[in-house]
file target-v9.csv (CSV, C-alpha atoms (C1' of nucleotides))
chain,number,residue,atom,x,y,z
G,1119,MET,CA,140.2,96.8,102.2
G,1120,THR,CA,138.6,98.3,105.2
G,1121,ARG,CA,137.8,101.9,105.1
G,1122,VAL,CA,139.4,103.7,108.1
G,1123,GLU,CA,136.4,106.0,107.9
G,1124,GLU,CA,133.9,103.6,109.2
G,1125,LEU,CA,134.2,101.2,112.1
G,1126,THR,CA,132.0,98.4,113.4
G,1127,VAL,CA,131.3,98.1,117.1
G,1128,GLY,CA,133.9,95.5,117.4
G,1129,GLU,CA,136.5,97.6,115.7
G,1130,LEU,CA,135.6,100.6,117.8
G,1131,ALA,CA,135.8,98.5,120.9
G,1132,ALA,CA,139.2,97.1,120.0
G,1133,ARG,CA,140.6,100.5,119.1
G,1134,SER,CA,139.2,102.3,122.0
G,1135,GLY,CA,139.6,99.6,124.6
G,1136,VAL,CA,135.9,100.1,125.6
G,1137,PRO,CA,133.7,96.9,125.6
G,1138,ALA,CA,131.1,96.8,122.8
G,1139,SER,CA,128.4,96.5,125.4
G,1140,ALA,CA,129.5,99.9,126.9
G,1141,LEU,CA,129.6,101.4,123.4
G,1142,ARG,CA,126.0,100.3,122.8
G,1143,PHE,CA,125.1,101.7,126.2
G,1144,TYR,CA,126.7,105.1,125.3
G,1145,GLU,CA,124.8,105.1,122.1
G,1146,ARG,CA,121.5,104.4,124.0
G,1147,GLN,CA,122.4,107.3,126.2
G,1148,GLY,CA,123.0,109.5,123.2
G,1149,LEU,CA,126.7,110.1,123.8
G,1150,ILE,CA,127.8,108.6,120.5
G,1151,HIS,CA,126.0,108.0,117.2
G,1152,SER,CA,126.1,105.6,114.4
G,1153,ARG,CA,124.6,105.0,111.0
G,1154,ARG,CA,123.1,101.6,110.2
G,1155,THR,CA,123.9,99.4,107.3
G,1156,THR,CA,121.1,97.8,105.3
G,1157,GLY,CA,121.5,94.9,107.6
G,1158,ASN,CA,121.0,97.0,110.7
G,1159,GLN,CA,124.5,97.0,111.9
G,1160,ARG,CA,126.2,100.0,113.4
G,1161,ARG,CA,128.9,101.9,111.5
G,1162,TYR,CA,130.7,104.5,113.4
G,1163,SER,CA,132.6,107.4,111.9
G,1164,GLY,CA,136.3,107.7,112.7
G,1165,GLY,CA,135.6,110.7,114.8
G,1166,THR,CA,133.7,108.6,117.2
G,1167,LEU,CA,137.0,107.3,118.5
G,1168,ARG,CA,137.7,110.8,119.8
G,1169,ARG,CA,134.3,111.0,121.4
G,1170,VAL,CA,134.9,107.8,123.2
G,1171,ALA,CA,138.3,108.8,124.3
G,1172,PHE,CA,136.8,112.0,125.6
G,1173,ILE,CA,134.1,110.1,127.5
G,1174,ARG,CA,136.6,107.8,129.2
G,1175,ALA,CA,139.0,110.5,130.1
G,1176,SER,CA,136.2,112.5,131.6
G,1177,GLN,CA,134.9,109.5,133.5
G,1178,SER,CA,138.3,108.8,134.9
G,1179,VAL,CA,138.2,112.0,136.8
G,1180,GLY,CA,134.8,111.3,138.2
G,1181,LEU,CA,132.4,113.1,135.9
G,1182,PRO,CA,129.0,111.4,135.4
G,1183,LEU,CA,127.9,110.4,131.9
G,1184,SER,CA,125.1,112.9,132.1
G,1185,ALA,CA,127.5,115.8,132.4
G,1186,ILE,CA,129.7,114.4,129.7
G,1187,GLY,CA,126.7,114.1,127.5
G,1188,GLU,CA,125.9,117.7,127.9
G,1189,VAL,CA,129.3,118.8,126.8
G,1190,LEU,CA,129.3,116.3,123.9
G,1191,ALA,CA,126.0,117.6,122.8
G,1192,LEU,CA,128.0,120.7,121.7
G,1193,VAL,CA,130.3,118.6,119.6
G,1194,PRO,CA,128.9,117.9,116.2
G,1195,ALA,CA,128.5,114.2,115.6
G,1196,ASP,CA,128.7,114.1,111.8
G,1197,HIS,CA,131.3,116.4,110.4
G,1198,THR,CA,134.6,116.8,112.1
G,1199,PRO,CA,134.2,119.3,114.9
G,1200,THR,CA,136.2,122.4,114.8
G,1201,ARG,CA,139.0,122.8,117.1
G,1202,GLU,CA,137.0,125.3,119.1
G,1203,PHE,CA,134.5,122.7,120.2
G,1204,TRP,CA,137.2,120.6,121.9
G,1205,VAL,CA,138.8,123.7,123.3
G,1206,ARG,CA,135.5,124.7,124.9
G,1207,ALA,CA,134.8,121.2,126.1
G,1208,SER,CA,138.2,121.0,127.7
G,1209,ALA,CA,138.1,124.4,129.3
G,1210,CYS,CA,134.9,123.3,130.9
G,1211,TRP,CA,136.6,120.2,132.3
G,1212,SER,CA,139.6,122.1,133.6
G,1213,GLU,CA,137.4,124.2,135.7
G,1214,GLN,CA,135.7,121.3,137.2
G,1215,LEU,CA,138.9,119.5,137.7
G,1216,ASN,CA,140.5,122.4,139.5
G,1217,GLU,CA,137.5,122.6,141.8
G,1218,ARG,CA,137.7,119.0,142.6
G,1219,ILE,CA,141.5,119.2,143.2
G,1220,GLU,CA,141.1,122.1,145.5
G,1221,ARG,CA,138.4,120.3,147.5
G,1222,MET,CA,140.6,117.3,147.9
G,1223,GLU,CA,143.6,119.3,148.9
G,1224,ARG,CA,141.5,121.1,151.5
G,1225,THR,CA,140.2,117.8,152.9
G,1226,ARG,CA,143.6,116.3,153.0
G,1227,ASP,CA,144.9,119.2,154.9
G,1228,ARG,CA,142.0,119.1,157.2
G,1229,PHE,CA,142.6,115.5,157.9
G,1230,THR,CA,146.2,116.1,158.8
G,1231,GLU,CA,145.4,119.1,160.9
G,1232,CYS,CA,142.6,117.5,162.7
G,1233,VAL,CA,144.6,114.6,163.8
G,1234,GLY,CA,147.8,116.5,164.2
G,1235,CYS,CA,146.3,119.2,166.4
G,1236,GLY,CA,145.5,116.8,169.1
G,1237,CYS,CA,142.0,117.9,169.5
G,1238,LEU,CA,140.7,114.7,168.0
G,1239,SER,CA,137.3,116.1,168.6
G,1240,PHE,CA,135.7,115.3,165.3
G,1241,GLU,CA,132.5,116.8,166.5
G,1242,ARG,CA,133.7,120.4,166.6
G,1243,CYS,CA,136.9,120.3,164.5
G,1244,ALA,CA,137.3,121.4,161.0
G,1245,LEU,CA,137.0,118.0,159.6
G,1246,VAL,CA,133.3,117.9,160.4
G,1247,ASP,CA,131.1,119.4,157.8
G,1248,PRO,CA,133.8,121.6,156.2
G,1249,GLY,CA,131.3,122.5,153.6
G,1250,GLY,CA,132.3,119.6,151.5
G,1251,LEU,CA,130.1,117.2,153.3
G,1252,VAL,CA,126.9,119.2,153.0
G,1253,THR,CA,127.5,120.5,149.5
Y,990,MET,CA,118.6,114.3,181.7
Y,991,THR,CA,120.0,112.6,178.7
Y,992,ARG,CA,123.4,110.9,179.1
Y,993,VAL,CA,125.8,112.2,176.6
Y,994,GLU,CA,127.4,108.8,176.6
Y,995,GLU,CA,124.7,107.0,174.7
Y,996,LEU,CA,122.8,108.1,171.7
Y,997,THR,CA,119.7,106.7,170.0
Y,998,VAL,CA,119.8,106.5,166.2
Y,999,GLY,CA,117.7,109.6,166.0
Y,1000,GLU,CA,120.1,111.5,168.2
Y,1001,LEU,CA,123.1,110.3,166.3
Y,1002,ALA,CA,121.3,111.3,163.1
Y,1003,ALA,CA,120.6,114.8,164.4
Y,1004,ARG,CA,124.1,115.3,165.7
Y,1005,SER,CA,125.9,114.0,162.8
Y,1006,GLY,CA,123.6,115.2,160.1
Y,1007,VAL,CA,123.4,111.8,158.6
Y,1008,PRO,CA,120.0,110.3,158.1
Y,1009,ALA,CA,119.1,107.4,160.4
Y,1010,SER,CA,118.5,105.2,157.4
Y,1011,ALA,CA,122.1,105.7,156.4
Y,1012,LEU,CA,123.3,105.0,159.9
Y,1013,ARG,CA,121.5,101.7,160.0
Y,1014,PHE,CA,123.0,101.0,156.7
Y,1015,TYR,CA,126.5,101.7,157.9
Y,1016,GLU,CA,125.9,99.4,160.8
Y,1017,ARG,CA,124.7,96.6,158.5
Y,1018,GLN,CA,128.0,97.1,156.7
Y,1019,GLY,CA,129.9,96.9,159.9
Y,1020,LEU,CA,131.2,100.5,159.8
Y,1021,ILE,CA,129.7,101.4,163.1
Y,1022,HIS,CA,128.4,99.4,166.0
Y,1023,SER,CA,125.8,99.7,168.7
Y,1024,ARG,CA,124.6,97.9,171.8
Y,1025,ARG,CA,121.0,97.0,172.1
Y,1026,THR,CA,118.6,97.8,174.8
Y,1027,THR,CA,116.4,95.1,176.3
Y,1028,GLY,CA,113.8,96.4,173.8
Y,1029,ASN,CA,116.2,95.8,170.9
Y,1030,GLN,CA,116.8,99.5,170.2
Y,1031,ARG,CA,120.2,100.8,169.2
Y,1032,ARG,CA,122.4,102.7,171.6
Y,1033,TYR,CA,125.5,104.3,170.2
Y,1034,SER,CA,128.5,105.3,172.2
Y,1035,GLY,CA,129.6,108.9,172.0
Y,1036,GLY,CA,132.6,107.9,170.0
Y,1037,THR,CA,130.5,106.8,167.2
Y,1038,LEU,CA,130.0,110.4,166.3
Y,1039,ARG,CA,133.7,110.5,165.4
Y,1040,ARG,CA,133.4,107.4,163.3
Y,1041,VAL,CA,130.5,108.8,161.4
Y,1042,ALA,CA,132.4,112.0,160.8
Y,1043,PHE,CA,135.3,110.1,159.6
Y,1044,ILE,CA,133.1,108.1,157.2
Y,1045,ARG,CA,131.5,111.2,155.7
Y,1046,ALA,CA,134.7,113.1,155.4
Y,1047,SER,CA,136.2,110.1,153.6
Y,1048,GLN,CA,133.3,109.7,151.4
Y,1049,SER,CA,133.4,113.3,150.4
Y,1050,VAL,CA,136.7,112.7,148.7
Y,1051,GLY,CA,135.4,109.8,146.8
Y,1052,LEU,CA,136.5,106.8,148.9
Y,1053,PRO,CA,134.1,103.8,148.8
Y,1054,LEU,CA,132.6,102.5,152.0
Y,1055,SER,CA,134.5,99.3,151.6
Y,1056,ALA,CA,137.8,101.1,151.8
Y,1057,ILE,CA,136.6,103.2,154.7
Y,1058,GLY,CA,135.5,100.0,156.4
Y,1059,GLU,CA,138.9,98.5,156.2
Y,1060,VAL,CA,140.5,101.5,157.9
Y,1061,LEU,CA,137.8,101.7,160.5
Y,1062,ALA,CA,138.3,98.1,161.3
Y,1063,LEU,CA,141.6,99.2,162.8
Y,1064,VAL,CA,139.9,101.7,165.1
Y,1065,PRO,CA,138.5,100.0,168.3
Y,1066,ALA,CA,134.8,100.3,168.5
Y,1067,ASP,CA,134.2,100.1,172.2
Y,1068,HIS,CA,136.9,102.0,174.2
Y,1069,THR,CA,138.1,105.4,173.0
Y,1070,PRO,CA,140.7,104.8,170.3
Y,1071,THR,CA,144.2,106.0,171.0
Y,1072,ARG,CA,145.4,108.9,169.1
Y,1073,GLU,CA,147.6,106.7,167.1
Y,1074,PHE,CA,144.7,104.9,165.5
Y,1075,TRP,CA,143.4,108.1,164.0
Y,1076,VAL,CA,146.8,109.2,163.0
Y,1077,ARG,CA,147.3,106.0,161.1
Y,1078,ALA,CA,143.9,106.2,159.5
Y,1079,SER,CA,144.6,109.7,158.4
Y,1080,ALA,CA,148.0,108.9,157.1
Y,1081,CYS,CA,146.4,106.2,155.0
Y,1082,TRP,CA,143.9,108.7,153.6
Y,1083,SER,CA,146.6,111.3,152.9
Y,1084,GLU,CA,148.4,108.9,150.7
Y,1085,GLN,CA,145.3,108.0,148.8
Y,1086,LEU,CA,144.3,111.6,148.4
Y,1087,ASN,CA,147.7,112.6,147.2
Y,1088,GLU,CA,147.5,109.9,144.6
Y,1089,ARG,CA,144.1,111.0,143.4
Y,1090,ILE,CA,145.1,114.6,143.3
Y,1091,GLU,CA,148.1,113.8,141.2
Y,1092,ARG,CA,146.1,111.8,138.9
Y,1093,MET,CA,143.6,114.5,138.4
Y,1094,GLU,CA,146.3,117.1,137.9
Y,1095,ARG,CA,147.9,114.9,135.3
Y,1096,THR,CA,144.6,114.5,133.5
Y,1097,ARG,CA,143.8,118.1,133.6
Y,1098,ASP,CA,147.1,119.0,132.1
Y,1099,ARG,CA,146.7,116.3,129.5
Y,1100,PHE,CA,143.4,117.8,128.5
Y,1101,THR,CA,144.8,121.2,128.0
Y,1102,GLU,CA,147.9,120.0,126.3
Y,1103,CYS,CA,146.0,117.7,124.0
Y,1104,VAL,CA,143.6,120.3,122.8
Y,1105,GLY,CA,146.2,123.0,122.9
Y,1106,CYS,CA,148.8,121.2,120.8
Y,1107,GLY,CA,146.6,121.2,117.8
Y,1108,CYS,CA,147.0,117.5,117.2
Y,1109,LEU,CA,143.4,116.8,118.3
Y,1110,SER,CA,144.2,113.3,117.5
Y,1111,PHE,CA,142.8,111.6,120.5
Y,1112,GLU,CA,143.7,108.2,119.1
Y,1113,ARG,CA,147.4,108.8,119.5
Y,1114,CYS,CA,147.7,111.7,121.9
Y,1115,ALA,CA,148.5,111.6,125.5
Y,1116,LEU,CA,144.9,111.9,126.5
Y,1117,VAL,CA,144.1,108.4,125.4
Y,1118,ASP,CA,144.9,105.7,127.8
Y,1119,PRO,CA,147.3,107.7,129.9
Y,1120,GLY,CA,147.4,104.9,132.3
Y,1121,GLY,CA,144.7,106.5,134.3
Y,1122,LEU,CA,142.0,105.0,132.1
Y,1123,VAL,CA,143.1,101.4,132.3
Y,1124,THR,CA,144.1,101.5,135.9
P,51,DA,C1',126.0,77.2,99.6
P,52,DC,C1',127.5,76.6,104.0
P,53,DT,C1',129.7,77.6,108.2
P,54,DT,C1',131.4,80.6,111.7
P,55,DG,C1',132.2,84.6,114.0
P,56,DA,C1',130.5,89.1,114.7
P,57,DC,C1',126.5,91.6,115.1
P,58,DG,C1',121.4,92.8,116.5
P,59,DT,C1',117.7,93.4,120.4
P,60,DC,C1',115.7,92.9,124.8
P,61,DA,C1',115.4,91.9,129.3
P,62,DA,C1',117.5,90.6,133.5
P,63,DC,C1',121.1,91.1,136.5
P,64,DC,C1',125.1,93.4,139.1
P,65,DT,C1',127.3,96.8,142.5
P,66,DT,C1',127.1,100.8,145.3
P,67,DT,C1',124.9,103.7,148.5
P,68,DG,C1',121.3,104.5,150.4
P,69,DT,C1',115.7,105.8,150.9
P,70,DT,C1',111.1,104.3,151.4
P,71,DT,C1',107.4,101.7,153.0
P,72,DA,C1',104.7,98.6,155.8
P,73,DA,C1',103.6,96.5,159.8
P,74,DG,C1',104.6,96.2,164.3
P,75,DT,C1',107.2,97.3,169.1
P,76,DT,C1',109.3,100.3,172.7
P,77,DC,C1',110.3,104.5,175.2
P,78,DG,C1',109.4,107.9,178.3
P,79,DA,C1',106.6,112.2,179.6
P,80,DG,C1',102.5,113.2,181.9
K,809,DC,C1',98.9,103.5,182.7
K,810,DT,C1',98.5,105.7,178.4
K,811,DC,C1',99.7,107.8,174.3
K,812,DG,C1',102.4,109.6,170.7
K,813,DA,C1',106.9,109.8,169.1
K,814,DA,C1',110.6,107.1,168.0
K,815,DC,C1',112.2,102.7,167.4
K,816,DT,C1',112.4,97.7,164.9
K,817,DT,C1',112.8,94.6,160.6
K,818,DA,C1',112.6,93.0,155.9
K,819,DA,C1',112.0,94.1,151.5
K,820,DA,C1',111.3,96.9,147.6
K,821,DC,C1',112.9,100.8,145.0
K,822,DA,C1',116.3,104.2,143.1
K,823,DA,C1',120.0,105.7,140.0
K,824,DA,C1',124.4,105.2,137.7
K,825,DG,C1',127.0,102.5,134.7
K,826,DG,C1',127.2,98.9,132.8
K,827,DT,C1',127.4,93.2,131.9
K,828,DT,C1',125.4,88.8,130.6
K,829,DG,C1',122.5,85.7,128.4
K,830,DA,C1',119.2,84.1,125.1
K,831,DC,C1',118.0,84.0,120.8
K,832,DG,C1',118.1,85.6,116.0
K,833,DT,C1',120.6,87.7,111.8
K,834,DC,C1',124.5,89.2,108.9
K,835,DA,C1',128.7,88.8,106.3
K,836,DA,C1',132.9,86.8,104.8
K,837,DG,C1',135.9,82.9,103.7
K,838,DT,C1',136.1,78.4,101.5

call {"tool": "encode", "arguments": {"input": "target-v9.csv", "output": "C-alpha cells"}}
result
Amino acid sequence: MTRVEELTVGELAARSGVPASALRFYERQGLIHSRRTTGNQRRYSGGTLRRVAFIRASQSVGLPLSAIGEVLALVPADHTPTREFWVRASACWSEQLNERIERMERTRDRFTECVGCGCLSFERCALVDPGGLVT
Amino acid sequence: MTRVEELTVGELAARSGVPASALRFYERQGLIHSRRTTGNQRRYSGGTLRRVAFIRASQSVGLPLSAIGEVLALVPADHTPTREFWVRASACWSEQLNERIERMERTRDRFTECVGCGCLSFERCALVDPGGLVT
DNA sequence: ACTTGACGTCAACCTTTGTTTAAGTTCGAG
DNA sequence: CTCGAACTTAAACAAAGGTTGACGTCAAGT
C-alpha cells in the first residue's frame, strides 16, 4: 500500500499535472524539495502538491519563478506550513495582481481612447509611453 | 534640413525610445519595413513611428510579437493606414485584454478564497487547475 | 532471477526577445 | 575630399522556463 505521505516524481507529476522534467527543474531552482531514498530516488512530501499548485497558479498570472521562489522561501518545506504562511503569500500576490490588472485596464482604455479620439497620432497621444512602456 | 518623412534607424530609435537593435530585430520579424538607400541603409517612413508605438504598447500588456505581427499585417506599411485599420487592430486588443483581465481577476479571487476558506487543500480547491492553468 | 517501467544525471537543445561584438561601409558636414 | 559618426551584416550571447536524449540504475511483478 502506497503511503499518501510520500510521492515519487511520477506520482507528483500525475497528481499535479506538471511534467516530471519541470518538477526536477523546480527542484534545481530550489522551489520544491525532496528527500532521497537509499537508491537516490526523490520522495516528495504530500505538502509539495500544494507548493506546486501555488507555483503554477502564480505562473499563470505572469509571475516569474524567481519571484515565486522568494515567496515560497517563507513557506516551510518540511512541516506543514501554518495557515498564516499561505495567507501572507496570497496577500503578496493579490497586490501584484491588482497592480497588473490596473495597468492592463489603463492600457485598454488608452487604446480605445486613442483610436476613438480620431487623433491617431501615436507620437503624441496617451498611448505612447504612458508610463507602462518605460517602467 | 532633415525630412520628417524619412527616418534613419538612429532617428527612429531616438524618437520611439526603442533601441536600434530592437528595431532591426522587429524588421527581421516583419513587424516594420524600410526602404533602402543606394548605400543599403534603412529609411523608415514617418508612419513607422506609429507601428513601433503600437508594438510597444501591445507588448507592455503581455502580447507576444507573433500576435502583434498578425495584427500589424493588416495595417498597410506604405501608405498611411485608414483609421479603420487602427480601429480594428485596437478592437482586437481590447478583446484580448478583457479576457486577460478577467482571468487575472478570477485568479486573484481564487487565491483569496482558497486561503481564506481555511481548506488550504490546494489539491481539491478552486485554485488548482481552475482552467486557467491548463489553458 | 529476470524483465520492464520508472527513475537518476548531465548536457544539449528549444523559444522568445532582444543585445553585443566584430569587421567593414556609407553619410554628410566642413 | 576627408573624417568621424552612423550605418551594415552575421553570429554569438543572454535569460527564462523548460524539454529531450543518452545512458545507467532501481524496484516491483512473475

call {"tool": "closest_residue", "arguments": {"input": "target-v9.csv", "among": "G:Leu1130, G:Gly1135, G:Gln1159, G:Phe1143", "to": "chain P", "atoms": "all atoms listed in the file"}}
result
G:Gln1159

call {"tool": "residues_around", "arguments": {"input": "target-v9.csv", "residues": "DG812 (chain K)", "least_positions_apart": "4", "cutoff": "12 Å", "atoms": "all atoms listed in the file", "output": "PDB file with C-alpha atoms (C1' of nucleotides), in the frame of the given file"}}
result
ATOM      1  C1'  DT P  76     109.300 100.300 172.700  1.00  0.00           C
ATOM      2  C1'  DC P  77     110.300 104.500 175.200  1.00  0.00           C
ATOM      3  C1'  DG P  78     109.400 107.900 178.300  1.00  0.00           C
ATOM      4  C1'  DA P  79     106.600 112.200 179.600  1.00  0.00           C
ATOM      5  C1'  DG P  80     102.500 113.200 181.900  1.00  0.00           C
TER       6       DG P  80
END

call {"tool": "interface_residues", "arguments": {"input": "target-v9.csv", "of": "chain K", "to": "chain Y", "cutoff": "10 Å", "atoms": "all atoms listed in the file", "output": "ChimeraX atom specification"}}
result
/K:814-816

call {"tool": "write_last_selection", "arguments": {"input": "target-v9.csv", "atoms": "C-alpha atoms (C1' of nucleotides)", "output": "compact mmCIF listing (two decimals), in the frame of the given file"}}
result
# COMPACT_ATOMS: atom_id res chain seq x y z
C1' DA K 814 110.60 107.10 168.00
C1' DC K 815 112.20 102.70 167.40
C1' DT K 816 112.40 97.70 164.90

call {"tool": "atom_distance", "arguments": {"input": "target-v9.csv", "atom1": "C1' of DT833 (chain K)", "atom2": "CA of Gly1164 (chain G)"}}
result
25.4 Å

call {"tool": "atom_distance", "arguments": {"input": "target-v9.csv", "atom1": "CA of Glu1223 (chain G)", "atom2": "CA of Arg1095 (chain Y)"}}
result
14.9 Å

call {"tool": "interface_residues", "arguments": {"input": "target-v9.csv", "of": "chain P", "to": "chain G", "cutoff": "12 Å", "atoms": "all atoms listed in the file", "output": "ChimeraX atom specification"}}
result
/P:55-59

call {"tool": "residues_around", "arguments": {"input": "target-v9.csv", "residues": "Arg1089 (chain Y)", "least_positions_apart": "3", "cutoff": "10 Å", "atoms": "all atoms listed in the file", "output": "list of chain:residue names"}}
result
G:Val1179, G:Ile1219, G:Met1222, G:Glu1223, Y:Val1050, Y:Gly1051, Y:Ser1083, Y:Glu1084, Y:Gln1085, Y:Leu1086, Y:Arg1092, Y:Met1093, Y:Glu1094, Y:Arg1095

call {"tool": "atom_distance", "arguments": {"input": "target-v9.csv", "atom1": "CA of Ser1049 (chain Y)", "atom2": "CA of Arg1174 (chain G)"}}
result
22.1 Å

call {"tool": "residues_around", "arguments": {"input": "target-v9.csv", "residues": "Val1193 (chain G)", "least_positions_apart": "3", "cutoff": "8 Å", "atoms": "only C-alpha atoms (C1' of nucleotides)", "output": "list in words"}}
result
Val1189, Leu1190, Pro1199, Phe1203 and Trp1204 of chain G

call {"tool": "closest_residue", "arguments": {"input": "target-v9.csv", "among": "Y:Ser1055, Y:Ser1010, Y:Arg1024, Y:Ala1046", "to": "chain G", "atoms": "only C-alpha atoms"}}
result
Y:Ala1046

call {"tool": "residues_around", "arguments": {"input": "target-v9.csv", "residues": "DA818 (chain K)", "least_positions_apart": "3", "cutoff": "12 Å", "atoms": "all atoms listed in the file", "output": "list of chain:residue names"}}
result
P:DT71, P:DA72, P:DA73

call {"tool": "residues_around", "arguments": {"input": "target-v9.csv", "residues": "region 829-831 of chain K", "least_positions_apart": "6", "cutoff": "10 Å", "atoms": "all atoms listed in the file", "output": "MDAnalysis selection string"}}
result
chainID P and resid 59:63

call {"tool": "closest_residue", "arguments": {"input": "target-v9.csv", "among": "Y:Ala1011, Y:Ala1002, Y:Val1076, Y:Ala1062", "to": "chain G", "atoms": "all atoms listed in the file"}}
result
Y:Val1076

call {"tool": "closest_residue", "arguments": {"input": "target-v9.csv", "among": "G:Leu1125, G:Leu1149, G:Val1136, G:Ala1171", "to": "chain Y", "atoms": "only C-alpha atoms"}}
result
G:Ala1171

call {"tool": "closest_residue", "arguments": {"input": "target-v9.csv", "among": "G:Arg1154, G:Phe1172, G:Leu1141, G:Ala1185", "to": "chain Y", "atoms": "all atoms listed in the file"}}
result
G:Phe1172

call {"tool": "closest_residue", "arguments": {"input": "target-v9.csv", "among": "G:His1151, G:Arg1161, G:Arg1206, G:Arg1142", "to": "chain Y", "atoms": "all atoms listed in the file"}}
result
G:Arg1206

call {"tool": "decode", "arguments": {"input": "target-v9.csv", "residues": "region 1039-1046 of chain Y", "atoms": "all heavy atoms", "output": "PDB file, in the first residue's frame"}}
result
ATOM      1  N   ARG Y1039       4.326  55.122 -35.630  1.00  0.00           N
ATOM      2  CA  ARG Y1039       3.057  54.623 -35.118  1.00  0.00           C
ATOM      3  C   ARG Y1039       3.084  53.123 -34.921  1.00  0.00           C
ATOM      4  O   ARG Y1039       2.593  52.601 -33.939  1.00  0.00           O
ATOM      5  CB  ARG Y1039       1.948  54.954 -36.107  1.00  0.00           C
ATOM      6  CG  ARG Y1039       1.009  55.967 -35.563  1.00  0.00           C
ATOM      7  CD  ARG Y1039      -0.087  56.184 -36.530  1.00  0.00           C
ATOM      8  NE  ARG Y1039       0.451  56.827 -37.728  1.00  0.00           N
ATOM      9  CZ  ARG Y1039      -0.206  57.784 -38.384  1.00  0.00           C
ATOM     10  NH1 ARG Y1039      -1.367  58.194 -37.962  1.00  0.00           N
ATOM     11  NH2 ARG Y1039       0.309  58.305 -39.471  1.00  0.00           N
ATOM     12  N   ARG Y1040       3.669  52.456 -35.902  1.00  0.00           N
ATOM     13  CA  ARG Y1040       3.731  50.996 -35.798  1.00  0.00           C
ATOM     14  C   ARG Y1040       4.547  50.595 -34.575  1.00  0.00           C
ATOM     15  O   ARG Y1040       4.168  49.696 -33.817  1.00  0.00           O
ATOM     16  CB  ARG Y1040       4.359  50.402 -37.063  1.00  0.00           C
ATOM     17  CG  ARG Y1040       3.464  50.486 -38.289  1.00  0.00           C
ATOM     18  CD  ARG Y1040       4.145  49.948 -39.527  1.00  0.00           C
ATOM     19  NE  ARG Y1040       4.134  48.487 -39.655  1.00  0.00           N
ATOM     20  CZ  ARG Y1040       3.189  47.815 -40.284  1.00  0.00           C
ATOM     21  NH1 ARG Y1040       2.166  48.432 -40.822  1.00  0.00           N
ATOM     22  NH2 ARG Y1040       3.253  46.504 -40.378  1.00  0.00           N
ATOM     23  N   VAL Y1041       5.665  51.274 -34.385  1.00  0.00           N
ATOM     24  CA  VAL Y1041       6.522  50.943 -33.250  1.00  0.00           C
ATOM     25  C   VAL Y1041       5.796  51.217 -31.935  1.00  0.00           C
ATOM     26  O   VAL Y1041       5.840  50.406 -31.005  1.00  0.00           O
ATOM     27  CB  VAL Y1041       7.842  51.733 -33.313  1.00  0.00           C
ATOM     28  CG1 VAL Y1041       8.659  51.500 -32.049  1.00  0.00           C
ATOM     29  CG2 VAL Y1041       8.634  51.326 -34.542  1.00  0.00           C
ATOM     30  N   ALA Y1042       5.105  52.331 -31.882  1.00  0.00           N
ATOM     31  CA  ALA Y1042       4.349  52.652 -30.668  1.00  0.00           C
ATOM     32  C   ALA Y1042       3.319  51.568 -30.405  1.00  0.00           C
ATOM     33  O   ALA Y1042       3.130  51.127 -29.266  1.00  0.00           O
ATOM     34  CB  ALA Y1042       3.659  54.008 -30.817  1.00  0.00           C
ATOM     35  N   PHE Y1043       2.692  51.141 -31.457  1.00  0.00           N
ATOM     36  CA  PHE Y1043       1.689  50.089 -31.333  1.00  0.00           C
ATOM     37  C   PHE Y1043       2.325  48.811 -30.802  1.00  0.00           C
ATOM     38  O   PHE Y1043       1.794  48.160 -29.907  1.00  0.00           O
ATOM     39  CB  PHE Y1043       1.045  49.842 -32.702  1.00  0.00           C
ATOM     40  CG  PHE Y1043      -0.088  48.855 -32.664  1.00  0.00           C
ATOM     41  CD1 PHE Y1043      -1.352  49.244 -32.267  1.00  0.00           C
ATOM     42  CD2 PHE Y1043       0.119  47.530 -33.035  1.00  0.00           C
ATOM     43  CE1 PHE Y1043      -2.401  48.333 -32.233  1.00  0.00           C
ATOM     44  CE2 PHE Y1043      -0.916  46.608 -33.002  1.00  0.00           C
ATOM     45  CZ  PHE Y1043      -2.184  47.014 -32.598  1.00  0.00           C
ATOM     46  N   ILE Y1044       3.480  48.482 -31.336  1.00  0.00           N
ATOM     47  CA  ILE Y1044       4.185  47.276 -30.890  1.00  0.00           C
ATOM     48  C   ILE Y1044       4.492  47.357 -29.400  1.00  0.00           C
ATOM     49  O   ILE Y1044       4.186  46.441 -28.639  1.00  0.00           O
ATOM     50  CB  ILE Y1044       5.504  47.087 -31.682  1.00  0.00           C
ATOM     51  CG1 ILE Y1044       5.213  46.770 -33.145  1.00  0.00           C
ATOM     52  CG2 ILE Y1044       6.346  45.974 -31.056  1.00  0.00           C
ATOM     53  CD1 ILE Y1044       6.428  46.858 -34.060  1.00  0.00           C
ATOM     54  N   ARG Y1045       5.079  48.473 -28.981  1.00  0.00           N
ATOM     55  CA  ARG Y1045       5.464  48.582 -27.578  1.00  0.00           C
ATOM     56  C   ARG Y1045       4.262  48.605 -26.654  1.00  0.00           C
ATOM     57  O   ARG Y1045       4.296  48.007 -25.569  1.00  0.00           O
ATOM     58  CB  ARG Y1045       6.315  49.831 -27.369  1.00  0.00           C
ATOM     59  CG  ARG Y1045       7.593  49.804 -28.177  1.00  0.00           C
ATOM     60  CD  ARG Y1045       8.462  48.607 -27.863  1.00  0.00           C
ATOM     61  NE  ARG Y1045       9.423  48.907 -26.820  1.00  0.00           N
ATOM     62  CZ  ARG Y1045      10.559  48.263 -26.644  1.00  0.00           C
ATOM     63  NH1 ARG Y1045      10.895  47.237 -27.426  1.00  0.00           N
ATOM     64  NH2 ARG Y1045      11.373  48.597 -25.677  1.00  0.00           N
ATOM     65  N   ALA Y1046       3.223  49.287 -27.061  1.00  0.00           N
ATOM     66  CA  ALA Y1046       2.036  49.338 -26.215  1.00  0.00           C
ATOM     67  C   ALA Y1046       1.468  47.927 -26.074  1.00  0.00           C
ATOM     68  O   ALA Y1046       1.066  47.500 -24.997  1.00  0.00           O
ATOM     69  CB  ALA Y1046       1.001  50.276 -26.816  1.00  0.00           C
TER      70      ALA Y1046
END
